[in-house]
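Engineer: I am attaching a structure below and will ask some questions about it afterwards.
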Amino acid sequence: QWKDAEGTKPNSDGFFTAFGTLVSSINREIKGRLGSHKPRDEEQPAPKPKQYYRTSAAVSTDFGNGRIISFRETDNFYCLSLTNWTLANGKHPVAWLREVDIHYQIAKGCKEGYPVLTGLGVTGILESVQPTTGIHIVTAHSARMILYLQPEAIVRPLKAAVGEDVLTAYGEGRVERYDKKADTYEIKLKWGARIFSKAESFDRVRDSMGDKDGSFGMDWLLRFFFSSPDAKKEGPRSRSNSLVSTSVRSQGGRSITT
């Protein structure tokens, strides 16, 4: 009888073997999951600091005008040369400033949308200033050009640019020449006479051209050059003074008295 009982006895070794195999597989699965889990910092790294002002961009600070030398990504500081200062050794001092303490530089006394005199002797309208580079975009109506200039290439603001319509005490006319030495505008009146006038003696005529949005209007021109789909992502423009020739027929409608 004991032999029969021994034959019917449950196989405990097989039970423990199966249990041990189950535990081992569960343990391996848990370790695998723990091993593949990455810290949150590794899964979502912090965004890399982005440089807003381009290298060599003309900027303005509380310490004067300067030029961007480099950008330090570790703490988002800009290294710039303060061009308004000159040390005893003939070099410009260097400053480390945050982006919030820097502004794009605009030529002294000038405003966007107003006439200016350039170092090339050409007058035009300061359409805009590229904030990341400090490049001044000037449209020269009389020469049919678009100029890309550094701030120091802008000599001074003007009352009107050559080619613009103006209103004088003797009637409406058009500016034909500006004499920098005498600070005088040569204006040809519509009835044929010519006068030489100071800035305070006339006003600019507001733009009333019907083709402002036409094939050669200023709005069309600016959209053609600066309104591409990737306009916000465009790379830095050339920082050397350059110009582009095109057809321009629109006159601005704002003026500034110096």
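Residues are referred to by chain and number: the chain letter is A, B, ... according to the order shown in the structure tokens, the number counts from 1 in that chain, and ligands are numbered separately from 1 in the order shown.
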Neighbouring residues of Asp183 of chain A were defined as those with any atom within 9 Å, considering only C-alpha atoms; residues of the same chain fewer than 5 positions away were excluded. Please report them as a JSON list (two decimals) with all heavy atoms, in the first residue's frame.
Structural biologist:
```json
[["chain", "number", "residue", "atom", "x", "y", "z"],
["A", 178, "TYR", "N", 19.65, 118.22, -53.13],
["A", 178, "TYR", "CA", 19.90, 118.67, -51.76],
["A", 178, "TYR", "C", 21.37, 119.06, -51.64],
["A", 178, "TYR", "O", 22.27, 118.28, -51.99],
["A", 178, "TYR", "CB", 19.56, 117.58, -50.75],
["A", 178, "TYR", "CG", 20.00, 117.93, -49.34],
["A", 178, "TYR", "CD1", 19.33, 118.90, -48.61],
["A", 178, "TYR", "CD2", 21.10, 117.30, -48.76],
["A", 178, "TYR", "CE1", 19.74, 119.24, -47.33],
["A", 178, "TYR", "CE2", 21.51, 117.63, -47.47],
["A", 178, "TYR", "CZ", 20.83, 118.60, -46.76],
["A", 178, "TYR", "OH", 21.23, 118.94, -45.50],
["A", 197, "SER", "N", 15.32, 126.41, -50.92],
["A", 197, "SER", "CA", 14.58, 126.58, -49.68],
["A", 197, "SER", "C", 15.23, 125.81, -48.53],
["A", 197, "SER", "O", 15.86, 124.77, -48.74],
["A", 197, "SER", "CB", 13.13, 126.12, -49.88],
["A", 197, "SER", "OG", 12.40, 126.16, -48.68],
["A", 198, "LYS", "N", 15.06, 126.37, -47.33],
["A", 198, "LYS", "CA", 15.44, 125.66, -46.11],
["A", 198, "LYS", "C", 14.33, 124.69, -45.70],
["A", 198, "LYS", "O", 13.19, 124.79, -46.19],
["A", 198, "LYS", "CB", 15.71, 126.66, -44.99],
["A", 198, "LYS", "CG", 16.94, 127.53, -45.19],
["A", 198, "LYS", "CD", 18.22, 126.69, -45.05],
["A", 198, "LYS", "CE", 19.44, 127.59, -45.08],
["A", 198, "LYS", "NZ", 20.70, 126.80, -44.90],
["A", 199, "ALA", "N", 14.65, 123.79, -44.79],
["A", 199, "ALA", "CA", 13.70, 122.74, -44.41],
["A", 199, "ALA", "C", 12.42, 123.30, -43.81],
["A", 199, "ALA", "O", 11.33, 122.77, -44.03],
["A", 199, "ALA", "CB", 14.37, 121.78, -43.42]]
```
Engineer: Set the distance at 12 Å and use only C-alpha atoms: which residues neighbour segment 73-80 of chain A once local chain neighbours fewer than 4 positions away are removed? I'd like the list as a PyMOL selection string.
Structural biologist: chain A and resi 46-61+63-69+84+92-103
Engineer: Would you pick out the contacts of Lys188 of chain A at 6 Å or less, using only C-alpha atoms, so that residues sharing its chain but fewer than 3 positions from it are not included, and give the list as a PDB file with C-alpha atoms, in the first residue's frame?
Structural biologist:
```
ATOM      1  CA  GLY A 173       6.836 121.256 -56.441  1.00  0.00           C
ATOM      2  CA  ARG A 174       9.393 118.481 -56.347  1.00  0.00           C
ATOM      3  CA  ALA A 193      10.122 128.152 -61.457  1.00  0.00           C
ATOM      4  CA  ARG A 194      12.929 126.933 -59.221  1.00  0.00           C
TER       5      ARG A 194
END
```
Engineer: Please run DSSP on the backbone and report, as an MDAnalysis selection string, all residues within segment 68-107 of chain A that come out as strand (DSSP E or B).
Structural biologist: chainID A and resid 68:72 77:82 94:98 103:104
Engineer: I'd like the interatomic distance between atom CA of Gln150 of chain A and atom CA of Arg204 of chain A, to a tenth of an Å.
Structural biologist: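 Pair atom CA of Gln150 of chain A / atom CA of Arg204 of chain A returns 26.2 Å.
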Engineer: Interatomic distance between atom CA of Ala161 of chain A and atom CA of Pro115 of chain A?
Structural biologist: 5.5 Å
Engineer: Pick out the residues sitting within 10 Å of Val116 of chain A, and hand them over as a ChimeraX atom specification; count only C-alpha atoms, and ignore anything fewer than 6 positions along from it in its own chain.
Structural biologist: /A:107,109-110,122-126,138-140,154-161,256
Engineer: State, in Å with one decimal place, the distance from atom CA of Val162 of chain A to atom CA of Val175 of chain A.
Structural biologist: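 Separation between atom CA of Val162 of chain A and atom CA of Val175 of chain A: 5.0 Å.
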Engineer: Which of these residues is nearest to Asp179 of chain A, using only C-alpha atoms: A:Ala153, A:Leu147, A:Leu167, A:Leu117?
Structural biologist: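 Under the stated criterion, the closest residue is A:Leu117.
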Engineer: Give me the residues near Ile106 of chain A as a list in words, where near means some atom within 8 Å (using only C-alpha atoms) and where sequence neighbours in that chain fewer than 5 positions away do not count.
Structural biologist: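 Everything that qualifies: Lys111, Val129, Gly134, His136 and Pro151 of chain A.
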Engineer: Can I get the selection written as an mmCIF file, in the first residue's frame, with N, CA, C and O atoms?
Structural biologist:
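File out.cif, as written:
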```cif
data_model
loop_
_atom_site.group_PDB
_atom_site.id
_atom_site.type_symbol
_atom_site.label_atom_id
_atom_site.label_comp_id
_atom_site.auth_asym_id
_atom_site.auth_seq_id
_atom_site.Cartn_x
_atom_site.Cartn_y
_atom_site.Cartn_z
ATOM 1 N N LYS A 111 14.519 108.210 -37.962
ATOM 2 C CA LYS A 111 13.368 107.379 -37.630
ATOM 3 C C LYS A 111 12.960 106.577 -38.862
ATOM 4 O O LYS A 111 13.107 107.043 -39.999
ATOM 5 N N VAL A 129 14.763 99.051 -40.098
ATOM 6 C CA VAL A 129 16.052 98.626 -39.565
ATOM 7 C C VAL A 129 15.911 97.169 -39.141
ATOM 8 O O VAL A 129 15.009 96.833 -38.373
ATOM 9 N N GLY A 134 21.068 95.272 -37.351
ATOM 10 C CA GLY A 134 21.271 96.719 -37.351
ATOM 11 C C GLY A 134 21.395 97.299 -38.746
ATOM 12 O O GLY A 134 21.707 98.488 -38.893
ATOM 13 N N HIS A 136 20.366 99.102 -41.997
ATOM 14 C CA HIS A 136 19.365 100.104 -42.354
ATOM 15 C C HIS A 136 18.978 99.934 -43.828
ATOM 16 O O HIS A 136 19.853 99.957 -44.702
ATOM 17 N N PRO A 151 24.642 101.711 -39.679
ATOM 18 C CA PRO A 151 24.162 102.970 -39.089
ATOM 19 C C PRO A 151 25.083 104.155 -39.357
ATOM 20 O O PRO A 151 24.616 105.274 -39.591
#
```
